[in-house]
file coords-v4.cif (mmCIF, C-alpha atoms)
data_input
#
loop_
_atom_site.group_PDB
_atom_site.id
_atom_site.type_symbol
_atom_site.label_atom_id
_atom_site.label_comp_id
_atom_site.auth_asym_id
_atom_site.auth_seq_id
_atom_site.Cartn_x
_atom_site.Cartn_y
_atom_site.Cartn_z
ATOM 1 C CA MET A 1 1.247 -2.850 -24.494
ATOM 2 C CA LYS A 2 1.434 -5.837 -22.148
ATOM 3 C CA ILE A 3 1.404 -5.195 -18.399
ATOM 4 C CA GLY A 4 2.775 -7.756 -15.946
ATOM 5 C CA PHE A 5 1.373 -7.670 -12.426
ATOM 6 C CA ILE A 6 2.909 -9.459 -9.424
ATOM 7 C CA GLY A 7 0.981 -9.532 -6.135
ATOM 8 C CA LEU A 8 -2.769 -10.112 -6.023
ATOM 9 C CA GLY A 9 -3.590 -9.142 -2.448
ATOM 10 C CA ILE A 10 -6.044 -6.608 -1.040
ATOM 11 C CA MET A 11 -4.624 -3.876 -3.284
ATOM 12 C CA GLY A 12 -3.253 -5.796 -6.235
ATOM 13 C CA LYS A 13 -6.349 -7.709 -7.237
ATOM 14 C CA PRO A 14 -8.626 -4.671 -7.722
ATOM 15 C CA MET A 15 -5.828 -2.858 -9.536
ATOM 16 C CA VAL A 16 -5.594 -5.727 -12.029
ATOM 17 C CA LYS A 17 -9.356 -5.693 -12.520
ATOM 18 C CA ASN A 18 -9.252 -1.981 -13.350
ATOM 19 C CA LEU A 19 -6.442 -2.510 -15.871
ATOM 20 C CA LEU A 20 -8.574 -5.195 -17.516
ATOM 21 C CA LYS A 21 -11.630 -2.922 -17.612
ATOM 22 C CA HIS A 22 -9.530 -0.539 -19.729
ATOM 23 C CA ASN A 23 -8.814 -3.347 -22.199
ATOM 24 C CA MET A 24 -5.158 -3.731 -21.263
ATOM 25 C CA THR A 25 -3.417 -7.073 -21.732
ATOM 26 C CA VAL A 26 -2.452 -8.142 -18.203
ATOM 27 C CA LEU A 27 -0.138 -11.018 -17.264
ATOM 28 C CA VAL A 28 -0.372 -12.003 -13.584
ATOM 29 C CA ASN A 29 1.598 -14.021 -11.069
ATOM 30 C CA ASP A 30 1.000 -14.705 -7.368
ATOM 31 C CA LEU A 31 1.651 -17.497 -4.873
ATOM 32 C CA ASN A 32 -2.111 -17.488 -4.210
ATOM 33 C CA LYS A 33 -3.479 -19.586 -7.066
ATOM 34 C CA ASP A 34 -7.098 -18.820 -6.148
ATOM 35 C CA ALA A 35 -6.380 -15.110 -6.624
ATOM 36 C CA GLU A 36 -4.759 -15.864 -9.983
ATOM 37 C CA GLN A 37 -7.828 -17.787 -11.129
ATOM 38 C CA GLU A 38 -10.186 -15.040 -9.952
ATOM 39 C CA VAL A 39 -8.560 -12.400 -12.148
ATOM 40 C CA ALA A 40 -8.113 -14.926 -14.968
ATOM 41 C CA LYS A 41 -11.921 -15.127 -15.128
ATOM 42 C CA ASP A 42 -11.908 -11.374 -15.797
ATOM 43 C CA GLY A 43 -9.443 -11.747 -18.657
ATOM 44 C CA ALA A 44 -5.953 -11.804 -17.117
ATOM 45 C CA THR A 45 -3.403 -14.380 -18.265
ATOM 46 C CA VAL A 46 -1.622 -16.398 -15.572
ATOM 47 C CA VAL A 47 2.099 -16.754 -16.345
ATOM 48 C CA THR A 48 5.373 -17.719 -14.713
ATOM 49 C CA ILE A 49 7.898 -15.057 -13.748
ATOM 50 C CA LYS A 50 10.051 -16.233 -16.678
ATOM 51 C CA GLU A 51 7.194 -15.798 -19.133
ATOM 52 C CA MET A 52 6.388 -12.376 -17.712
ATOM 53 C CA ALA A 53 10.005 -11.271 -18.049
ATOM 54 C CA GLN A 54 10.026 -12.267 -21.699
ATOM 55 C CA GLU A 55 6.584 -10.911 -22.656
ATOM 56 C CA ALA A 56 5.643 -7.862 -20.554
ATOM 57 C CA ASP A 57 6.565 -4.289 -21.478
ATOM 58 C CA TYR A 58 6.062 -3.022 -17.931
ATOM 59 C CA VAL A 59 5.677 -4.902 -14.642
ATOM 60 C CA ILE A 60 3.728 -3.551 -11.673
ATOM 61 C CA THR A 61 4.511 -5.059 -8.275
ATOM 62 C CA SER A 62 2.241 -4.901 -5.209
ATOM 63 C CA LEU A 63 4.034 -6.913 -2.547
ATOM 64 C CA PRO A 64 4.154 -6.946 1.276
ATOM 65 C CA ASN A 65 7.754 -5.866 1.876
ATOM 66 C CA GLY A 66 11.149 -5.102 0.396
ATOM 67 C CA ALA A 67 12.586 -8.590 0.920
ATOM 68 C CA ILE A 68 9.837 -10.111 -1.220
ATOM 69 C CA VAL A 69 10.241 -7.440 -3.915
ATOM 70 C CA LYS A 70 13.985 -8.209 -4.083
ATOM 71 C CA ALA A 71 13.365 -11.955 -4.225
ATOM 72 C CA VAL A 72 10.912 -11.613 -7.107
ATOM 73 C CA LEU A 73 13.071 -9.178 -9.063
ATOM 74 C CA TYR A 74 16.629 -10.402 -8.579
ATOM 75 C CA SER A 75 17.606 -12.373 -5.463
ATOM 76 C CA GLY A 76 15.278 -15.399 -5.708
ATOM 77 C CA GLU A 77 16.045 -18.580 -7.628
ATOM 78 C CA ASP A 78 13.546 -17.776 -10.410
ATOM 79 C CA ALA A 79 13.876 -13.991 -10.183
ATOM 80 C CA MET A 80 12.856 -11.842 -13.113
ATOM 81 C CA THR A 81 16.274 -10.443 -13.982
ATOM 82 C CA LYS A 82 17.793 -13.944 -14.021
ATOM 83 C CA GLN A 83 15.723 -14.795 -17.094
ATOM 84 C CA SER A 84 17.222 -14.642 -20.579
ATOM 85 C CA ASP A 85 15.907 -12.224 -23.221
ATOM 86 C CA ILE A 86 14.174 -10.007 -20.678
ATOM 87 C CA LYS A 87 11.804 -7.613 -22.453
ATOM 88 C CA VAL A 88 10.611 -5.546 -19.471
ATOM 89 C CA LYS A 89 11.404 -1.845 -19.790
ATOM 90 C CA ALA A 90 10.550 -0.835 -16.234
ATOM 91 C CA ILE A 91 9.340 -2.114 -12.881
ATOM 92 C CA ILE A 92 6.648 0.101 -11.359
ATOM 93 C CA ASP A 93 6.704 -0.830 -7.683
ATOM 94 C CA THR A 94 3.553 0.099 -5.761
ATOM 95 C CA SER A 95 4.788 -1.686 -2.628
ATOM 96 C CA SER A 96 5.645 0.363 0.468
ATOM 97 C CA LEU A 97 9.407 0.188 1.047
ATOM 98 C CA THR A 98 12.073 2.262 2.745
ATOM 99 C CA PRO A 99 13.912 4.785 0.564
ATOM 100 C CA ASN A 100 17.149 2.809 0.968
ATOM 101 C CA GLU A 101 15.447 -0.352 -0.297
ATOM 102 C CA SER A 102 14.129 1.518 -3.340
ATOM 103 C CA LEU A 103 17.585 2.899 -4.130
ATOM 104 C CA GLU A 104 19.196 -0.531 -3.719
ATOM 105 C CA ILE A 105 16.676 -2.204 -6.025
ATOM 106 C CA SER A 106 17.084 0.551 -8.615
ATOM 107 C CA LYS A 107 20.857 0.109 -8.652
ATOM 108 C CA VAL A 108 20.644 -3.676 -9.062
ATOM 109 C CA LEU A 109 18.062 -3.473 -11.858
ATOM 110 C CA GLU A 110 20.150 -0.886 -13.686
ATOM 111 C CA ALA A 111 22.716 -3.625 -14.396
ATOM 112 C CA SER A 112 19.985 -5.491 -16.305
ATOM 113 C CA GLN A 113 18.959 -2.309 -18.130
ATOM 114 C CA VAL A 114 15.568 -2.341 -16.409
ATOM 115 C CA LYS A 115 14.338 0.939 -14.919
ATOM 116 C CA TYR A 116 12.900 0.962 -11.412
ATOM 117 C CA ILE A 117 10.076 3.368 -10.549
ATOM 118 C CA ASP A 118 9.092 3.611 -6.898
ATOM 119 C CA ALA A 119 5.371 4.256 -6.980
ATOM 120 C CA PRO A 120 3.715 3.648 -3.597
ATOM 121 C CA VAL A 121 -0.020 4.245 -3.445
ATOM 122 C CA SER A 122 -2.490 5.710 -0.985
ATOM 123 C CA GLY A 123 -6.229 5.206 -0.718
ATOM 124 C CA GLY A 124 -6.569 1.649 0.543
ATOM 125 C CA GLU A 125 -8.824 -1.041 -0.864
ATOM 126 C CA PRO A 126 -11.840 1.276 -1.473
ATOM 127 C CA LEU A 127 -9.936 3.507 -3.901
ATOM 128 C CA ALA A 128 -8.105 0.525 -5.390
ATOM 129 C CA ILE A 129 -11.545 -0.838 -6.296
ATOM 130 C CA THR A 130 -12.760 2.435 -7.827
ATOM 131 C CA GLY A 131 -9.472 3.108 -9.625
ATOM 132 C CA GLU A 132 -8.903 6.378 -7.787
ATOM 133 C CA LEU A 133 -5.644 5.750 -5.943
ATOM 134 C CA SER A 134 -3.095 8.483 -5.319
ATOM 135 C CA VAL A 135 0.358 7.491 -6.548
ATOM 136 C CA MET A 136 3.549 9.217 -5.407
ATOM 137 C CA ILE A 137 6.245 8.621 -8.004
ATOM 138 C CA GLY A 138 10.023 8.558 -7.680
ATOM 139 C CA CYS A 139 11.522 8.466 -11.181
ATOM 140 C CA GLU A 140 13.411 10.422 -13.835
ATOM 141 C CA GLU A 141 11.256 13.234 -15.186
ATOM 142 C CA ALA A 142 11.542 11.848 -18.719
ATOM 143 C CA ASP A 143 9.809 8.618 -17.660
ATOM 144 C CA LEU A 144 6.786 10.226 -16.033
ATOM 145 C CA ALA A 145 4.496 10.479 -19.070
ATOM 146 C CA GLU A 146 4.769 6.781 -19.887
ATOM 147 C CA VAL A 147 4.319 5.774 -16.237
ATOM 148 C CA LYS A 148 1.170 7.910 -16.060
ATOM 149 C CA ASN A 149 -0.142 6.136 -19.144
ATOM 150 C CA VAL A 150 0.392 2.716 -17.550
ATOM 151 C CA LEU A 151 -1.186 3.742 -14.229
ATOM 152 C CA ALA A 152 -4.124 5.716 -15.632
ATOM 153 C CA PRO A 153 -6.700 2.909 -15.109
ATOM 154 C CA ILE A 154 -5.860 2.555 -11.405
ATOM 155 C CA ALA A 155 -5.122 6.106 -10.246
ATOM 156 C CA ALA A 156 -6.844 9.470 -9.988
ATOM 157 C CA SER A 157 -3.568 11.181 -9.141
ATOM 158 C CA VAL A 158 -0.025 10.352 -10.301
ATOM 159 C CA ILE A 159 2.478 12.914 -8.997
ATOM 160 C CA ARG A 160 6.256 12.817 -9.405
ATOM 161 C CA VAL A 161 7.790 13.886 -6.095
ATOM 162 C CA GLY A 162 11.445 13.430 -7.077
ATOM 163 C CA ASP A 163 13.908 10.793 -8.222
ATOM 164 C CA VAL A 164 13.897 7.131 -7.177
ATOM 165 C CA GLY A 165 13.478 6.908 -3.397
ATOM 166 C CA ALA A 166 11.427 10.093 -3.132
ATOM 167 C CA GLY A 167 8.173 8.193 -3.643
ATOM 168 C CA SER A 168 9.019 5.974 -0.685
ATOM 169 C CA VAL A 169 9.788 8.991 1.522
ATOM 170 C CA VAL A 170 6.473 10.654 0.669
ATOM 171 C CA LYS A 171 4.585 7.395 1.302
ATOM 172 C CA LEU A 172 6.152 7.174 4.767
ATOM 173 C CA ALA A 173 5.122 10.791 5.418
ATOM 174 C CA ASN A 174 1.625 9.872 4.237
ATOM 175 C CA GLN A 175 1.533 6.948 6.664
ATOM 176 C CA ILE A 176 2.550 9.139 9.600
ATOM 177 C CA ILE A 177 -0.392 11.440 8.845
ATOM 178 C CA VAL A 178 -2.909 8.638 8.246
ATOM 179 C CA ASN A 179 -2.039 6.476 11.223
ATOM 180 C CA THR A 180 -1.670 9.359 13.662
ATOM 181 C CA ASN A 181 -5.077 10.626 12.547
ATOM 182 C CA ILE A 182 -6.637 7.203 13.142
ATOM 183 C CA ALA A 183 -5.150 7.092 16.635
ATOM 184 C CA ALA A 184 -6.460 10.601 17.413
ATOM 185 C CA LEU A 185 -9.897 9.696 16.021
ATOM 186 C CA SER A 186 -9.902 6.593 18.224
ATOM 187 C CA GLU A 187 -9.276 8.667 21.357
ATOM 188 C CA ALA A 188 -12.038 11.090 20.351
ATOM 189 C CA VAL A 189 -14.535 8.270 19.815
ATOM 190 C CA VAL A 190 -13.638 6.668 23.144
ATOM 191 C CA LEU A 191 -14.231 10.009 24.887
ATOM 192 C CA ALA A 192 -17.629 10.334 23.191
ATOM 193 C CA LYS A 193 -18.593 6.755 24.086
ATOM 194 C CA LYS A 194 -17.790 7.416 27.753
ATOM 195 C CA PHE A 195 -20.374 10.214 27.725
ATOM 196 C CA ASP A 196 -22.937 8.182 25.727
ATOM 197 C CA ILE A 197 -22.782 10.559 22.751
ATOM 198 C CA ASP A 198 -24.623 9.398 19.622
ATOM 199 C CA LEU A 199 -21.717 8.725 17.279
ATOM 200 C CA GLU A 200 -23.680 9.251 14.072
ATOM 201 C CA SER A 201 -24.676 12.729 15.277
ATOM 202 C CA MET A 202 -21.115 13.445 16.358
ATOM 203 C CA HIS A 203 -19.865 12.507 12.896
ATOM 204 C CA GLU A 204 -22.360 14.857 11.245
ATOM 205 C CA ALA A 205 -21.534 17.646 13.673
ATOM 206 C CA ILE A 206 -17.771 17.689 13.184
ATOM 207 C CA LYS A 207 -17.078 16.393 9.688
ATOM 208 C CA GLY A 208 -17.595 19.795 8.057
ATOM 209 C CA GLY A 209 -15.237 21.575 10.440
ATOM 210 C CA LEU A 210 -11.468 21.630 10.812
ATOM 211 C CA ALA A 211 -11.419 18.097 12.250
ATOM 212 C CA GLY A 212 -12.985 16.708 9.083
ATOM 213 C CA SER A 213 -10.680 14.702 6.831
ATOM 214 C CA SER A 214 -10.514 11.853 4.337
ATOM 215 C CA VAL A 215 -9.259 9.682 7.183
ATOM 216 C CA MET A 216 -12.327 10.501 9.264
ATOM 217 C CA GLU A 217 -14.698 9.773 6.371
ATOM 218 C CA ALA A 218 -13.028 6.423 5.733
ATOM 219 C CA LYS A 219 -12.617 5.259 9.331
ATOM 220 C CA PHE A 220 -15.271 6.878 11.550
ATOM 221 C CA PRO A 221 -18.138 4.862 9.956
ATOM 222 C CA LYS A 222 -16.178 1.652 10.522
ATOM 223 C CA MET A 223 -15.675 2.558 14.186
ATOM 224 C CA ILE A 224 -19.384 3.344 14.564
ATOM 225 C CA ALA A 225 -20.342 0.006 13.007
ATOM 226 C CA GLU A 226 -17.492 -1.807 14.791
ATOM 227 C CA ASP A 227 -16.668 -3.234 11.373
ATOM 228 C CA TYR A 228 -12.981 -4.017 11.238
ATOM 229 C CA GLN A 229 -12.859 -5.978 7.982
ATOM 230 C CA PRO A 230 -9.633 -4.733 6.431
ATOM 231 C CA GLY A 231 -9.157 -2.161 3.758
ATOM 232 C CA GLY A 232 -5.646 -1.776 5.163
ATOM 233 C CA THR A 233 -4.600 -4.164 7.942
ATOM 234 C CA LEU A 234 -2.906 -3.362 11.226
ATOM 235 C CA ASN A 235 -0.092 -5.713 10.139
ATOM 236 C CA ILE A 236 0.620 -3.700 6.995
ATOM 237 C CA ASN A 237 0.427 -0.365 8.768
ATOM 238 C CA LEU A 238 2.681 -1.547 11.590
ATOM 239 C CA LYS A 239 5.211 -2.516 8.920
ATOM 240 C CA ASP A 240 4.934 0.976 7.446
ATOM 241 C CA MET A 241 5.388 2.638 10.836
ATOM 242 C CA LYS A 242 8.459 0.471 11.478
ATOM 243 C CA ASN A 243 9.791 1.693 8.124
ATOM 244 C CA VAL A 244 9.164 5.261 9.299
ATOM 245 C CA SER A 245 11.237 4.650 12.444
ATOM 246 C CA SER A 246 14.102 2.890 10.691
ATOM 247 C CA THR A 247 14.267 5.561 7.981
ATOM 248 C CA ALA A 248 14.229 8.366 10.559
ATOM 249 C CA ASP A 249 17.064 6.626 12.418
ATOM 250 C CA THR A 250 19.263 6.634 9.295
ATOM 251 C CA VAL A 251 19.228 10.442 9.256
ATOM 252 C CA GLY A 252 19.080 11.064 13.014
ATOM 253 C CA LEU A 253 15.480 12.289 13.165
ATOM 254 C CA THR A 254 13.354 12.059 16.305
ATOM 255 C CA LEU A 255 9.658 11.436 15.550
ATOM 256 C CA PRO A 256 8.043 10.966 18.981
ATOM 257 C CA ILE A 257 4.389 10.914 17.860
ATOM 258 C CA ALA A 258 5.029 8.461 15.019
ATOM 259 C CA ASN A 259 6.965 6.182 17.365
ATOM 260 C CA GLN A 260 4.211 6.230 19.974
ATOM 261 C CA VAL A 261 1.609 5.338 17.329
ATOM 262 C CA LYS A 262 3.880 2.532 16.126
ATOM 263 C CA GLU A 263 4.015 1.079 19.653
ATOM 264 C CA ILE A 264 0.206 1.198 19.925
ATOM 265 C CA TYR A 265 -0.075 -0.691 16.644
ATOM 266 C CA LYS A 266 2.529 -3.180 17.841
ATOM 267 C CA SER A 267 0.521 -3.835 21.019
ATOM 268 C CA GLU A 268 -2.671 -4.499 19.062
ATOM 269 C CA VAL A 269 -0.889 -6.835 16.657
ATOM 270 C CA ALA A 270 0.583 -8.702 19.637
ATOM 271 C CA GLN A 271 -2.987 -9.239 20.880
ATOM 272 C CA GLY A 272 -3.724 -11.187 17.686
ATOM 273 C CA ASN A 273 -5.607 -8.417 15.886
ATOM 274 C CA GLY A 274 -3.140 -7.837 13.066
ATOM 275 C CA MET A 275 -5.644 -8.702 10.331
ATOM 276 C CA ASN A 276 -8.140 -6.081 11.529
ATOM 277 C CA ASP A 277 -8.543 -2.888 9.541
ATOM 278 C CA HIS A 278 -6.357 -0.144 10.998
ATOM 279 C CA SER A 279 -9.510 1.577 12.273
ATOM 280 C CA GLY A 280 -9.514 -1.354 14.715
ATOM 281 C CA ILE A 281 -6.742 0.402 16.623
ATOM 282 C CA ILE A 282 -9.632 1.854 18.633
ATOM 283 C CA LYS A 283 -9.731 -1.473 20.470
ATOM 284 C CA TYR A 284 -6.446 -0.539 22.152
ATOM 285 C CA PHE A 285 -7.943 2.663 23.559
ATOM 286 C CA GLU A 286 -11.151 0.886 24.579
ATOM 287 C CA LYS A 287 -9.202 -1.805 26.466
ATOM 288 C CA ILE A 288 -7.010 0.592 28.438
ATOM 289 C CA ASN A 289 -10.146 2.493 29.447
ATOM 290 C CA ASN A 290 -12.174 -0.654 30.323
ATOM 291 C CA LEU A 291 -14.796 0.120 27.692
#

call {"tool": "encode", "arguments": {"input": "coords-v4.cif", "output": "structure tokens"}}
result
Amino acid sequence: MKIGFIGLGIMGKPMVKNLLKHNMTVLVNDLNKDAEQEVAKDGATVVTIKEMAQEADYVITSLPNGAIVKAVLYSGEDAMTKQSDIKVKAIIDTSSLTPNESLEISKVLEASQVKYIDAPVSGGEPLAITGELSVMIGCEEADLAEVKNVLAPIAASVIRVGDVGAGSVVKLANQIIVNTNIAALSEAVVLAKKFDIDLESMHEAIKGGLAGSSVMEAKFPKMIAEDYQPGGTLNINLKDMKNVSSTADTVGLTLPIANQVKEIYKSEVAQGNGMNDHSGIIKYFEKINNL
């Protein structure tokens, strides 16, 4: 089985490396030629989109937004479905899109007899590196076993949550929980700093109680160290929170907490901090409190 992989960013590159560690044949393509060469040294084969379309059985995409996914798959000049003799059975899209974008892409690809699986992931760069991502799948039930087989080297959990589009909805729900938790953690840390609390001791004291969470374990140490090298950037998470708002608007939902968190992220990005890890949102709360 040959796996094509498009998008070698913070998430994509470690996913490719884990596929290679499991002795899969991986064909890669990215605008970043340095990233291509890095994974080529580990055994990946750099190809054009045309070559990938004609050689890969499955293609995994890990791209920044829906417009880029569409351009790569069908709307761009050299898009995959514009190639002759396309061999690809299915696109497994790990990008974070809106449900409407996923449904649109699925409908367009259907005309080329290529299945579209929306498969957004959670866990950030650390779990992408260890191959322990959580994947929320939107697909036909009959396709799940094969998708699990393809994703096994990169994921600890692959759960079908419904048909195409459902994966995108669950990812947006995931992002509400994650980003709201980071904002709440930031306020808690700012309160503790104001009273000169030892943050390491605070972490130990509360992590085993009800406040403890995977978010806390991932982000509290970064806040303590003031280390905002990204595992997931503010830019990416602002994009996700905008997708939450736009999706809620399509069905008339009011999500006041999610919208407030989105505006906080937007403010921090406007200050030029978009490439910080999303734990860096604490800087917003520090600034408004003159800390």

call {"tool": "atom_distance", "arguments": {"input": "coords-v4.cif", "atom1": "atom CA of A:Pro153", "atom2": "atom CA of A:Ile60"}}
result
12.7 Å

call {"tool": "atom_distance", "arguments": {"input": "coords-v4.cif", "atom1": "atom CA of A:Asn18", "atom2": "atom CA of A:Asp277"}}
result
22.9 Å

call {"tool": "closest_atom_pairs", "arguments": {"input": "coords-v4.cif", "of": "stretch 151-194 of chain A", "to": "stretch 74-92 of chain A", "cutoff": "12 Å", "atoms": "all atoms listed in the file", "output": "JSON lines"}}
result
{"residue": "A:Leu151", "atom": "CA", "partner": "A:Ile92", "partner_atom": "CA", "distance": 9.1}
{"residue": "A:Val164", "atom": "CA", "partner": "A:Ile92", "partner_atom": "CA", "distance": 10.9}
{"residue": "A:Gly167", "atom": "CA", "partner": "A:Ile92", "partner_atom": "CA", "distance": 11.3}

call {"tool": "closest_residue", "arguments": {"input": "coords-v4.cif", "among": "A:Met136, A:Ile182, A:Ala225, A:Ile176", "to": "A:Asp163", "atoms": "only C-alpha atoms"}}
result
A:Met136

call {"tool": "residues_near_point", "arguments": {"input": "coords-v4.cif", "point": "(5.1, -2.9, -19.3)", "cutoff": "6 Å", "atoms": "all atoms listed in the file", "output": "list in words"}}
result
Lys2, Ile3, Ala56, Asp57, Tyr58 and Val59 of chain A

call {"tool": "closest_residue", "arguments": {"input": "coords-v4.cif", "among": "A:Ile236, A:Leu253, A:Val169, A:Ile197", "to": "A:Lys266", "atoms": "all atoms listed in the file"}}
result
A:Ile236

call {"tool": "atom_distance", "arguments": {"input": "coords-v4.cif", "atom1": "atom CA of A:Lys193", "atom2": "atom CA of A:Leu210"}}
result
21.2 Å

call {"tool": "resolve_selection", "arguments": {"input": "coords-v4.cif", "expression": "the PyMOL selection byres ((chain A and resi 241-248) around 9)", "output": "list in words"}}
result
Ser96, Leu97, Thr98, Pro99, Asn100, Val169, Leu172, Ala173, Gln175, Ile176, Asn179, Ile236, Asn237, Leu238, Lys239, Asp240, Asp249, Thr250, Val251, Gly252, Leu253, Thr254, Leu255, Ala258, Asn259, Val261, Lys262 and Tyr265 of chain A

call {"tool": "closest_residue", "arguments": {"input": "coords-v4.cif", "among": "A:Leu19, A:Ile281, A:Ala205, A:Leu191", "to": "A:Thr233", "atoms": "only C-alpha atoms"}}
result
A:Ile281

call {"tool": "resolve_selection", "arguments": {"input": "coords-v4.cif", "expression": "the PyMOL selection byres ((chain A and resi 119) around 8)", "output": "PyMOL selection string"}}
result
chain A and resi 92-95+117-118+120-121+135-138+167-168

call {"tool": "resolve_selection", "arguments": {"input": "coords-v4.cif", "expression": "the PyMOL selection byres ((chain A and resi 268) around 12)", "output": "PDB file with C-alpha atoms, in the coordinates of the input"}}
result
ATOM      1  CA  THR A 233      -4.600  -4.164   7.942  1.00  0.00           C
ATOM      2  CA  LEU A 234      -2.906  -3.362  11.226  1.00  0.00           C
ATOM      3  CA  ASN A 235      -0.092  -5.713  10.139  1.00  0.00           C
ATOM      4  CA  ASN A 237       0.427  -0.365   8.768  1.00  0.00           C
ATOM      5  CA  LEU A 238       2.681  -1.547  11.590  1.00  0.00           C
ATOM      6  CA  VAL A 261       1.609   5.338  17.329  1.00  0.00           C
ATOM      7  CA  LYS A 262       3.880   2.532  16.126  1.00  0.00           C
ATOM      8  CA  GLU A 263       4.015   1.079  19.653  1.00  0.00           C
ATOM      9  CA  ILE A 264       0.206   1.198  19.925  1.00  0.00           C
ATOM     10  CA  TYR A 265      -0.075  -0.691  16.644  1.00  0.00           C
ATOM     11  CA  LYS A 266       2.529  -3.180  17.841  1.00  0.00           C
ATOM     12  CA  SER A 267       0.521  -3.835  21.019  1.00  0.00           C
ATOM     13  CA  VAL A 269      -0.889  -6.835  16.657  1.00  0.00           C
ATOM     14  CA  ALA A 270       0.583  -8.702  19.637  1.00  0.00           C
ATOM     15  CA  GLN A 271      -2.987  -9.239  20.880  1.00  0.00           C
ATOM     16  CA  GLY A 272      -3.724 -11.187  17.686  1.00  0.00           C
ATOM     17  CA  ASN A 273      -5.607  -8.417  15.886  1.00  0.00           C
ATOM     18  CA  GLY A 274      -3.140  -7.837  13.066  1.00  0.00           C
ATOM     19  CA  MET A 275      -5.644  -8.702  10.331  1.00  0.00           C
ATOM     20  CA  ASN A 276      -8.140  -6.081  11.529  1.00  0.00           C
ATOM     21  CA  ASP A 277      -8.543  -2.888   9.541  1.00  0.00           C
ATOM     22  CA  HIS A 278      -6.357  -0.144  10.998  1.00  0.00           C
ATOM     23  CA  SER A 279      -9.510   1.577  12.273  1.00  0.00           C
ATOM     24  CA  GLY A 280      -9.514  -1.354  14.715  1.00  0.00           C
ATOM     25  CA  ILE A 281      -6.742   0.402  16.623  1.00  0.00           C
ATOM     26  CA  ILE A 282      -9.632   1.854  18.633  1.00  0.00           C
ATOM     27  CA  LYS A 283      -9.731  -1.473  20.470  1.00  0.00           C
ATOM     28  CA  TYR A 284      -6.446  -0.539  22.152  1.00  0.00           C
ATOM     29  CA  PHE A 285      -7.943   2.663  23.559  1.00  0.00           C
ATOM     30  CA  GLU A 286     -11.151   0.886  24.579  1.00  0.00           C
ATOM     31  CA  LYS A 287      -9.202  -1.805  26.466  1.00  0.00           C
ATOM     32  CA  ILE A 288      -7.010   0.592  28.438  1.00  0.00           C
TER      33      ILE A 288
END

call {"tool": "residues_around", "arguments": {"input": "coords-v4.cif", "residues": "A:Gly123", "least_positions_apart": "5", "cutoff": "7 Å", "atoms": "only C-alpha atoms", "output": "list in words"}}
result
Ala128, Leu133 and Ser134 of chain A

call {"tool": "closest_residue", "arguments": {"input": "coords-v4.cif", "among": "A:Lys222, A:Lys194, A:Lys33, A:Lys115", "to": "A:Glu140", "atoms": "all atoms listed in the file"}}
result
A:Lys115

call {"tool": "closest_residue", "arguments": {"input": "coords-v4.cif", "among": "A:Ser102, A:Ser122, A:Asn32, A:Asn289", "to": "A:Val69", "atoms": "all atoms listed in the file"}}
result
A:Ser102

call {"tool": "axis_aligned_box", "arguments": {"input": "coords-v4.cif", "around": "stretch 193-198 of chain A", "padding_each_side": "6 Å", "output": "JSON"}}
result
{"center_x": -21.2, "center_y": 8.7, "center_z": 23.7, "size_x": 18.8, "size_y": 15.8, "size_z": 20.1}

call {"tool": "closest_residue", "arguments": {"input": "coords-v4.cif", "among": "A:Gly212, A:Gly165, A:Gly124, A:Gly232", "to": "A:Asn181", "atoms": "only C-alpha atoms"}}
result
A:Gly212

call {"tool": "decode", "arguments": {"input": "coords-v4.cif", "residues": "stretch 249-258 of chain A", "atoms": "N, CA and C atoms", "output": "mmCIF file, in the first residue's frame"}}
result
data_model
loop_
_atom_site.group_PDB
_atom_site.id
_atom_site.type_symbol
_atom_site.label_atom_id
_atom_site.label_comp_id
_atom_site.auth_asym_id
_atom_site.auth_seq_id
_atom_site.Cartn_x
_atom_site.Cartn_y
_atom_site.Cartn_z
ATOM 1 N N ASP A 249 -23.135 30.051 13.467
ATOM 2 C CA ASP A 249 -24.019 31.010 12.802
ATOM 3 C C ASP A 249 -24.922 30.340 11.761
ATOM 4 N N THR A 250 -24.398 29.294 11.095
ATOM 5 C CA THR A 250 -25.197 28.642 10.048
ATOM 6 C C THR A 250 -26.416 27.936 10.613
ATOM 7 N N VAL A 251 -26.388 27.608 11.896
ATOM 8 C CA VAL A 251 -27.536 26.915 12.507
ATOM 9 C C VAL A 251 -28.169 27.733 13.629
ATOM 10 N N GLY A 252 -27.782 29.016 13.727
ATOM 11 C CA GLY A 252 -28.423 29.919 14.680
ATOM 12 C C GLY A 252 -28.067 29.680 16.126
ATOM 13 N N LEU A 253 -26.876 29.114 16.383
ATOM 14 C CA LEU A 253 -26.456 28.885 17.769
ATOM 15 C C LEU A 253 -25.731 30.100 18.331
ATOM 16 N N THR A 254 -25.931 30.355 19.612
ATOM 17 C CA THR A 254 -25.198 31.380 20.343
ATOM 18 C C THR A 254 -24.202 30.690 21.266
ATOM 19 N N LEU A 255 -22.921 30.962 21.087
ATOM 20 C CA LEU A 255 -21.859 30.350 21.895
ATOM 21 C C LEU A 255 -21.026 31.469 22.523
ATOM 22 N N PRO A 256 -21.527 32.088 23.592
ATOM 23 C CA PRO A 256 -20.889 33.296 24.128
ATOM 24 C C PRO A 256 -19.475 33.067 24.655
ATOM 25 N N ILE A 257 -19.222 31.938 25.312
ATOM 26 C CA ILE A 257 -17.878 31.699 25.859
ATOM 27 C C ILE A 257 -16.885 31.481 24.728
ATOM 28 N N ALA A 258 -17.261 30.656 23.750
ATOM 29 C CA ALA A 258 -16.377 30.398 22.610
ATOM 30 C C ALA A 258 -16.056 31.686 21.865
#
